[in-house]
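Written below as C-alpha cells is the structure these notes are about.
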Number of protein chains: 4
Amino acid sequence: MTMHSHSPVSGSSSIKNGWRQRGFNLLYHHNTPTARTIDLSLVCLIIISVVVVILDSVQSIHRTWAVSFRLIEWGITIAFTIEYLMRLAVAPKPWRYAFSFWGIIDIAAVLPTYLSLFIPGAQSLLVVRALRVPRVLRILKMTRYVDESGVLLQALMRSRRKIALFLFMVLTFAIVAGTLLYVVEGPKYGFINIPTSMYWAVATMATVGFGDIVPHTMLGRLVTSALILIGYSIIAIPTGVYTAELTRGMHQTDTKHSVPDSRICQSCGHIGHPLDARYCSQCGHKLGETGN
Amino acid sequence: MTMHSHSPVSGSSSIKNGWRQRGFNLLYHHNTPTARTIDLSLVCLIIISVVVVILDSVQSIHRTWAVSFRLIEWGITIAFTIEYLMRLAVAPKPWRYAFSFWGIIDIAAVLPTYLSLFIPGAQSLLVVRALRVPRVLRILKMTRYVDESGVLLQALMRSRRKIALFLFMVLTFAIVAGTLLYVVEGPKYGFINIPTSMYWAVATMATVGFGDIVPHTMLGRLVTSALILIGYSIIAIPTGVYTAELTRGMHQTDTKHSVPDSRICQSCGHIGHPLDARYCSQCGHKLGETGN
Amino acid sequence: MTMHSHSPVSGSSSIKNGWRQRGFNLLYHHNTPTARTIDLSLVCLIIISVVVVILDSVQSIHRTWAVSFRLIEWGITIAFTIEYLMRLAVAPKPWRYAFSFWGIIDIAAVLPTYLSLFIPGAQSLLVVRALRVPRVLRILKMTRYVDESGVLLQALMRSRRKIALFLFMVLTFAIVAGTLLYVVEGPKYGFINIPTSMYWAVATMATVGFGDIVPHTMLGRLVTSALILIGYSIIAIPTGVYTAELTRGMHQTDTKHSVPDSRICQSCGHIGHPLDARYCSQCGHKLGETGN
Amino acid sequence: MTMHSHSPVSGSSSIKNGWRQRGFNLLYHHNTPTARTIDLSLVCLIIISVVVVILDSVQSIHRTWAVSFRLIEWGITIAFTIEYLMRLAVAPKPWRYAFSFWGIIDIAAVLPTYLSLFIPGAQSLLVVRALRVPRVLRILKMTRYVDESGVLLQALMRSRRKIALFLFMVLTFAIVAGTLLYVVEGPKYGFINIPTSMYWAVATMATVGFGDIVPHTMLGRLVTSALILIGYSIIAIPTGVYTAELTRGMHQTDTKHSVPDSRICQSCGHIGHPLDARYCSQCGHKLGETGN
C-alpha cells in the first residue's frame, strides 16, 4: 500500500540463519525493538546532520562553530558509511540494493563529505540527507501516517499521466508566450532571450510573479494579462485531477470497508446492504454474519 | 459538534445553587438574556480594544490620541482582568480552566498591558485579543454560523494528518531546493545562506514570489522553473484533501437529513433505511410505503 | 433560478393596458422583438461608454480625442437619464425600483457625468456602467448562459456563510500576523504601522506577494514562512467549499432531470428508475410515461 | 473521444486506390509502420526546430552557431513546406484542410521563415511550431495518454460556458477595481491610466503580484486588500467548476466500466441496468442473476 512496503532486496528465502540473516533483519525489517532503536538513532543523526549543514551556511555561526560542525559532519559521515557497507554486506543481492531508489540516496548521503576534500563547498550537498528521512520514517509504521501517505501517493500515482499532460501543456504555453513577450518587449526590458522569457512565463502562469522582469509596453501588458487569465484558468487542472482521484480513492476505501462480500442476500441476491444490516432490505431474509 | 460545545470546566454536578453557580451560568453558559448581554459587551470591548491598538500604531493618529488610547487600553485591561479573575473564581476546577485553550488566550489578552509598564511597545501584542472573538461568538449560537464552522472544522480535523504530511513534504522540498539555489546562485545574488534560501524556496513554491531575492544565472532560473512547476502541482494536495473531506462531510449531513420519517421501522424503530428498502435491515419487519 | 428571474417591480397585476403597461413590457420584459432591440442598443451604448472612459484616461489618446469623447459621454448620459426616468415612470411601484439593486446601479451609471461638472475627474467613475452589462444580458435569456450562471450563483449563495467565516479567519490571521511582523521587523523595513502590516499580511497570505514590503531579519523571515505555509493550507477552504457545493448542485440537477415524480413504479413503489426505463426494474410492471 | 479522432478531411469514400489514396493514408492515418515513421520524424524535426529557435535567441550561442542554425531552420522549413503541399495535394477536400485548425497551424509553422527574408527577427515566431507537437502526438494513440487527454478536454469543454462567465466576471471586476485605484492612487504611483490599472488589477486578482506597480496610500491599500480577498474567494470558481465536471466525467467512466456483462437483457439486449435491477427497464423481461 505504501512505497516502502516492498523492500527491493527482501523476498529472498535462500539466506540461512547466520550473521547475515540477523543483520538483514536489523537493517531491513523493523519489527524488533533493537531494529527500532537503530532506526531511531539514524533519524536523529540525519536531523542533526541536516541542521548542522543549514547552520554552517550562516556566516556568523560558521565563524564560531566551524570546527565542531566539521567534526560532527565527519562523525556522521563515517557512521553512515559503515551503515551503507553493512547494508551492502547483508543484502542477499547487493547490486540490486546498490541501484535501488534508496540505495542511491544512501550513497548520495555520504559522498559530498568525501568530495569536499577535493572540492571546497561540496558539503552543502549533504542536505540530500533530508531525503533519507522518509526511509527511516518506516519506524512510524504502526501509526496512521503510513496509511494516509498511502492514500495521497496512490492518488498522485493515478494522476501522474494527467499531471504530465498538464506540465506538457504549461511548457507549450510557456514557449509560445515567452517568445511572444521576447518579440513584443525585447531585451530592453529584461526579456533578453527566449529561455529568460520562458522562465518569466512559467513564473507568471504559476502566479509567482517575482517582478524581476515585467512588461512595460501596452501590448506587452495586454499579452501578459491574457497569459495570466489563461494560467488562472488552467491552475484548476492539477487541483481538479487530484481532487477527483482523491475523492474516488476515499470513496473506494469507504465502500470497501462498508460492503464486504458476505453482504449479498443469500435468498434474493440483493447486494449493497449496510454493515449493520441483519435482514435483507428487499426480501426480509436473514443476512449472514459480517466478514464471513 | 463545534469546538465550543464542550466547555472544559462544565460537567461538574457537585456545585450547589449559590453565587458560584449563578456566576458560572452567567460566564460559561449563554442561555439567559443577562449572559447574552455580558457576552455582547465583551465582544464590543474586544473590537474597540483591537481597533485602538491598530490605530495607535499609526504615527499621525498616535500623536493626537495617545492619551485617550492609553486610557481606553487600561480601562479594558482592568475589565478583562476582573472577568478573568471571576471566571477563575466560579469555575469548579480553576486550574483546568487556567490551562485550557481559552484560559491561556484570556490571560494572554491582559498580560501585554501590564508588561508594557516594563517593556515599552509590548502593548502591540494586545492584538492577541482578536483571538478572543471566536470565544464570545458563541452568542451567535442560535444562528447557522456555528453549524457551518462545525462542518469546516471537522473537515479540517479529518484532514490534519494529510495536511501535516503535505507540510513535511514542502519542508523537505524547501531544504533541498534552498540548498541547490544557495550552491548555484551563491551569496552574490541574495542567497546569502541556506535559511535565507529556504525562506525564498517556501515563498516561491507557495507562489508568493516577493521578488526580494531572484535567481540571475541560467542554471538558477532553470532550477527555479522546475521548482515552480513542482510547487504548482503539489498546491493541489491541500485543496484536494480538504475538498474530498468536505464533500464527504456534506454528503453525510445530506443523507442524515434526507431520510424521510416513514423510513422508521414500525417494529424496532431503526431509522436510515435506503429509499428502496422494503424490509427493515435490523428485524426483518416489512416497512411502510415511501412517503406515507 | 437566476438573480434576474424575479424583477423587483413585476408581479403587479393591477396595471391596465395603457402606455405604462406597454412601456413596462418594453423595459422590464424581454420577450418582444422591440424590447430585444432596446436591450441590444443599451448593451452597445454601455460598452461604447466604458471603452470611451478607459481610452480617455490614456494621456496620448486624450490629447487628440478629448472633445469627441466628451460629446459621446454626454450623449450616452442623456440617453441613460431618459431611460432611467422612463423606468421610474412605468414601474408600478417607482420607489421599490429606485431602491432595488439594479435601480441603484442605473442611477450610479449617470451621476458621475453630472458630478464632473463640479468635481473634475469624477467621470472616471463612469466605468460603474460596466456593472450594467449583466442586467441587459437578460437578452441572452434563451441561451444556456443564464442557466449556467444560475448554477454558479446558487453554489455561491449556499457557500456564502462558509466564505464569510473564511474571510473572518483570514482577517484575524492578518491582524495577528501583521502585528507580529510590525513588532519583529519594525518601521525600518517598511512595516511602518499595523494597518500597513495588515495589508502586507493579506497580500502575503493570498500569495500575491508584491514585494514592496519584505522581511529582512531572520526572525521576520521565519514568521513569514510560517504565515505563507498557513495561508497555503487555508487557501484550500474557499475552493473546497465552493467545489463541494457545486458538485452537490450539479448532482441535484442531474437527479432532478433524471428522476421525475412519475418514475415511481405504480405496482411496487420502487423509485429511481432511469429516464428511459419503461418497465420497473424490481417487479417488471409497466411504468407511466415520463413527465405525466 | 479526443480532439483528433475526427480528421477534418477523412470520411470521404470517393477516393480510388491510387497515389492520392496511399498518400492520404500515410499522412492522415497512423496505422501502418511507414506512417508512424513519418510521424516520428516530424516530431523530431519539430523539437529540433523549436530548440534551435530558443537557443538562437541567446546572444552568446548565436554568435558562434548563427550559420548552422540558419541552415537547420531553412532545411526544416523546406521539409515542412513539402509536407504541407503534399497534405494539400492528397486531401480529398484541400480547402477544408487549409482552413481547418491543424491546417492553419501547419501553414503558420512555415511562414515565419519566409517572412524573415523581408522582416528581420520574424523567425522568432517559428516557435509556433511547438503547437504542432500535439498533432503528431497521435503516434502515441496506442498509449493511455490519448484517453487521459480526452477526459481532461471533455471536462474542459463541458466547463467552457462557466469558465467564460468567470472570465467575464474577472474582467468586470478588473475594470471597476482598476478605475478605483486609478482615481485613488493617481499617476504619481504608477497607475498612469485605466488600461495600466486594469493590467495591475488582473495581476493582483490572479495573485501574481509582480510589484512593478503598488499602492502607496492608506485608501489604496485598503481597496487593494479588499480586491485581493475577493480575488482569493473567486479563484475557487474555475477550480470548483473543473473539479465538479471532472468528478462527473470520471464517475461516468467508472459506471460504464463497472456494469457487469450479465446486466445485458437477454430478451432485448438493453445494457446498463443497475446492479439491483431484477427486470429489464425496456421490455420487462426478467434479468439473469448478477455476476452470472
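By convention here, the chains of the C-alpha cells are called A, B, ... in the order presented, each chain's residues are numbered starting at 1, and ligands are numbered starting at 1 in the order presented.
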
Backbone-only DSSP, helix (DSSP H, G or I) members of region 85-242 of chain D, as a PyMOL selection string: chain D and resi 85-90+94-98+101-108+111-115+122-140+145-185+187-189+194-205+218-234+236-242

Can you write out the residues you just picked, keeping C-alpha atoms, as a compact mmCIF listing (two decimals), in the first residue's frame?
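After the write, selection-v7.txt holds the following:
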```txt
# COMPACT_ATOMS: atom_id res chain seq x y z
CA LEU D 85 1.92 20.87 -50.08
CA MET D 86 1.61 17.08 -50.06
CA ARG D 87 -1.12 17.19 -47.44
CA LEU D 88 -2.92 19.69 -49.64
CA ALA D 89 -2.41 17.51 -52.70
CA VAL D 90 -3.70 14.27 -51.22
CA PRO D 94 -7.98 20.64 -49.97
CA TRP D 95 -9.81 23.86 -48.94
CA ARG D 96 -11.40 22.19 -45.96
CA TYR D 97 -7.95 21.10 -44.79
CA ALA D 98 -6.39 24.52 -45.48
CA PHE D 101 -7.49 24.15 -37.15
CA TRP D 102 -4.47 21.98 -37.96
CA GLY D 103 -4.17 23.34 -41.50
CA ILE D 104 -3.74 26.88 -40.19
CA ILE D 105 -1.12 25.77 -37.66
CA ASP D 106 0.70 23.88 -40.42
CA ILE D 107 0.98 26.98 -42.61
CA ALA D 108 1.83 29.19 -39.61
CA LEU D 111 5.52 31.28 -42.94
CA PRO D 112 7.86 32.99 -40.39
CA THR D 113 10.99 31.73 -42.16
CA TYR D 114 9.85 33.16 -45.49
CA LEU D 115 8.75 36.37 -43.75
CA ALA D 122 10.34 37.23 -37.73
CA GLN D 123 11.87 33.79 -37.37
CA SER D 124 11.36 34.00 -33.61
CA LEU D 125 7.74 33.29 -34.37
CA LEU D 126 8.82 29.84 -35.56
CA VAL D 127 8.17 28.62 -32.03
CA VAL D 128 4.56 28.44 -33.15
CA ARG D 129 5.84 25.07 -34.37
CA ALA D 130 5.55 23.91 -30.77
CA LEU D 131 1.80 23.89 -31.36
CA ARG D 132 2.34 21.17 -33.97
CA VAL D 133 3.54 18.74 -31.35
CA PRO D 134 0.09 17.59 -30.15
CA ARG D 135 -0.82 16.90 -33.78
CA VAL D 136 1.82 14.30 -34.31
CA LEU D 137 1.38 13.02 -30.80
CA ARG D 138 -1.29 10.91 -32.40
CA ILE D 139 1.51 8.42 -32.86
CA LEU D 140 1.01 7.82 -29.16
CA TYR D 145 -2.33 9.32 -22.94
CA VAL D 146 -4.98 9.92 -25.54
CA ASP D 147 -7.71 8.61 -23.25
CA GLU D 148 -6.41 10.75 -20.42
CA SER D 149 -6.30 13.90 -22.51
CA GLY D 150 -9.78 13.01 -23.74
CA VAL D 151 -11.10 13.08 -20.16
CA LEU D 152 -9.29 16.36 -19.46
CA LEU D 153 -10.52 18.02 -22.64
CA GLN D 154 -14.10 16.80 -22.29
CA ALA D 155 -14.29 18.25 -18.78
CA LEU D 156 -12.80 21.48 -20.18
CA MET D 157 -15.39 21.55 -22.97
CA ARG D 158 -18.27 20.99 -20.55
CA SER D 159 -16.87 23.78 -18.32
CA ARG D 160 -16.34 26.27 -21.17
CA ARG D 161 -19.51 28.32 -20.56
CA LYS D 162 -18.86 28.56 -16.83
CA ILE D 163 -15.21 29.49 -17.40
CA ALA D 164 -16.32 32.14 -19.93
CA LEU D 165 -18.72 33.58 -17.35
CA PHE D 166 -15.89 33.54 -14.80
CA LEU D 167 -13.55 35.41 -17.15
CA PHE D 168 -16.31 37.93 -17.85
CA MET D 169 -16.72 38.41 -14.09
CA VAL D 170 -12.96 38.87 -13.61
CA LEU D 171 -12.90 41.42 -16.45
CA THR D 172 -15.78 43.44 -14.94
CA PHE D 173 -14.03 43.38 -11.55
CA ALA D 174 -10.74 44.41 -13.19
CA ILE D 175 -12.40 47.39 -14.92
CA VAL D 176 -14.08 48.62 -11.74
CA ALA D 177 -11.09 47.95 -9.44
CA GLY D 178 -8.58 49.33 -11.96
CA THR D 179 -10.53 52.59 -12.25
CA LEU D 180 -10.92 52.82 -8.47
CA LEU D 181 -7.17 52.53 -7.97
CA TYR D 182 -6.56 54.98 -10.84
CA VAL D 183 -8.80 57.52 -9.09
CA VAL D 184 -7.44 56.80 -5.57
CA GLU D 185 -3.70 56.48 -6.28
CA PRO D 187 -0.45 58.59 -11.93
CA LYS D 188 2.08 59.51 -9.22
CA TYR D 189 2.44 55.87 -8.10
CA ILE D 194 -7.01 52.92 -16.72
CA PRO D 195 -5.58 50.21 -19.06
CA THR D 196 -2.42 50.08 -16.91
CA SER D 197 -4.57 49.95 -13.78
CA MET D 198 -6.57 47.10 -15.30
CA TYR D 199 -3.37 45.19 -16.07
CA TRP D 200 -2.40 45.70 -12.42
CA ALA D 201 -5.87 44.62 -11.22
CA VAL D 202 -5.76 41.41 -13.27
CA ALA D 203 -2.27 40.57 -12.00
CA THR D 204 -3.36 41.28 -8.42
CA MET D 205 -6.64 39.34 -8.50
CA MET D 218 -3.77 54.11 3.00
CA LEU D 219 -7.02 54.12 0.99
CA GLY D 220 -5.34 52.46 -1.98
CA ARG D 221 -4.01 49.69 0.24
CA LEU D 222 -7.43 49.17 1.81
CA VAL D 223 -9.05 48.84 -1.63
CA THR D 224 -6.23 46.52 -2.72
CA SER D 225 -6.72 44.27 0.33
CA ALA D 226 -10.44 44.04 -0.42
CA LEU D 227 -9.68 43.28 -4.08
CA ILE D 228 -7.22 40.54 -3.06
CA LEU D 229 -9.73 38.92 -0.71
CA ILE D 230 -12.42 38.97 -3.40
CA GLY D 231 -9.96 37.53 -5.91
CA TYR D 232 -8.87 34.97 -3.32
CA SER D 233 -12.50 33.84 -2.98
CA ILE D 234 -13.38 33.71 -6.67
CA ALA D 236 -12.35 28.95 -6.30
CA ILE D 237 -14.71 29.21 -9.27
CA PRO D 238 -12.65 27.72 -12.14
CA THR D 239 -11.21 25.09 -9.82
CA GLY D 240 -14.63 24.20 -8.47
CA VAL D 241 -16.24 24.06 -11.90
CA TYR D 242 -13.47 21.97 -13.40
```

Could you build a table of the residues in chain D lying no more than 6 Å from chain A, giving for each the nearest pair of atoms and their separation in Å rounded to one decimal place, using only C-alpha atoms, ordered by chain and ascending residue number, as a tab-separated table?
```
residue	atom	partner	partner_atom	distance
D:Ile54	CA	A:Ile194	CA	5.5
D:Ser57	CA	A:Asn193	CA	5.1
D:Val58	CA	A:Asn193	CA	5.2
D:Tyr199	CA	A:Ser225	CA	6.0
D:Thr207	CA	A:Thr207	CA	5.8
D:Val208	CA	A:Thr207	CA	4.1
D:Gly209	CA	A:Gly209	CA	5.7
D:Phe210	CA	A:Gly211	CA	4.1
D:Gly211	CA	A:Gly211	CA	5.6
D:Pro238	CA	A:Ser233	CA	5.9
D:Thr239	CA	A:Ala236	CA	4.2
D:Tyr242	CA	A:Gly240	CA	6.0
D:Thr243	CA	A:Gly240	CA	4.0
D:Thr247	CA	A:Ala244	CA	5.0
D:Asp276	CA	A:His270	CA	5.9
```

Could you write out that same residue set with N, CA, C and O atoms as a tab-separated table (two decimals), in the first residue's frame?
```
chain	number	residue	atom	x	y	z
D	54	ILE	N	14.94	28.66	-29.84
D	54	ILE	CA	15.17	29.10	-28.46
D	54	ILE	C	16.65	29.41	-28.23
D	54	ILE	O	17.00	30.47	-27.71
D	57	SER	N	18.18	32.59	-29.79
D	57	SER	CA	17.88	33.90	-29.18
D	57	SER	C	18.89	34.27	-28.10
D	57	SER	O	18.94	35.42	-27.67
D	58	VAL	N	19.70	33.29	-27.65
D	58	VAL	CA	20.71	33.59	-26.64
D	58	VAL	C	21.93	34.18	-27.35
D	58	VAL	O	22.52	33.53	-28.22
D	199	TYR	N	-4.44	46.20	-16.04
D	199	TYR	CA	-3.37	45.19	-16.07
D	199	TYR	C	-2.94	44.86	-14.64
D	199	TYR	O	-2.80	43.70	-14.25
D	207	THR	N	-3.43	36.83	-8.11
D	207	THR	CA	-2.36	36.61	-7.12
D	207	THR	C	-0.97	36.51	-7.74
D	207	THR	O	-0.09	35.89	-7.15
D	208	VAL	N	-0.78	37.14	-8.92
D	208	VAL	CA	0.57	37.16	-9.49
D	208	VAL	C	1.41	38.20	-8.72
D	208	VAL	O	2.48	37.89	-8.20
D	209	GLY	N	0.89	39.45	-8.68
D	209	GLY	CA	1.54	40.49	-7.88
D	209	GLY	C	2.99	40.72	-8.24
D	209	GLY	O	3.88	40.46	-7.43
D	210	PHE	N	3.25	41.26	-9.46
D	210	PHE	CA	4.63	41.50	-9.86
D	210	PHE	C	5.33	42.46	-8.92
D	210	PHE	O	6.49	42.27	-8.59
D	211	GLY	N	4.61	43.50	-8.49
D	211	GLY	CA	5.26	44.50	-7.64
D	211	GLY	C	5.82	45.66	-8.42
D	211	GLY	O	6.49	46.52	-7.84
D	238	PRO	N	-13.08	28.66	-11.10
D	238	PRO	CA	-12.65	27.72	-12.14
D	238	PRO	C	-12.27	26.36	-11.58
D	238	PRO	O	-12.58	25.33	-12.17
D	239	THR	N	-11.59	26.36	-10.42
D	239	THR	CA	-11.21	25.09	-9.82
D	239	THR	C	-12.43	24.26	-9.48
D	239	THR	O	-12.51	23.06	-9.79
D	242	TYR	N	-14.21	23.01	-12.71
D	242	TYR	CA	-13.47	21.97	-13.40
D	242	TYR	C	-13.46	20.67	-12.60
D	242	TYR	O	-13.64	19.58	-13.16
D	243	THR	N	-13.26	20.78	-11.29
D	243	THR	CA	-13.26	19.59	-10.44
D	243	THR	C	-14.60	18.87	-10.50
D	243	THR	O	-14.65	17.64	-10.63
D	247	THR	N	-15.01	15.16	-11.86
D	247	THR	CA	-15.54	14.10	-10.99
D	247	THR	C	-16.69	13.41	-11.69
D	247	THR	O	-16.78	12.18	-11.73
D	276	ASP	N	-28.99	-3.77	-8.79
D	276	ASP	CA	-30.07	-4.44	-8.04
D	276	ASP	C	-31.32	-4.65	-8.88
D	276	ASP	O	-32.36	-5.06	-8.36
```

Close residues, Gly75 (chain A) itself excluded, 12 Å, only C-alpha atoms, min 5 positions apart in chain, as a list in words: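 In the requested format, the answer is Leu45, Ile46, Ile48, Ser49, Ser68, Phe69, Arg70, Phe80, Thr81, Ile82, Val110 and Thr113 of chain A.
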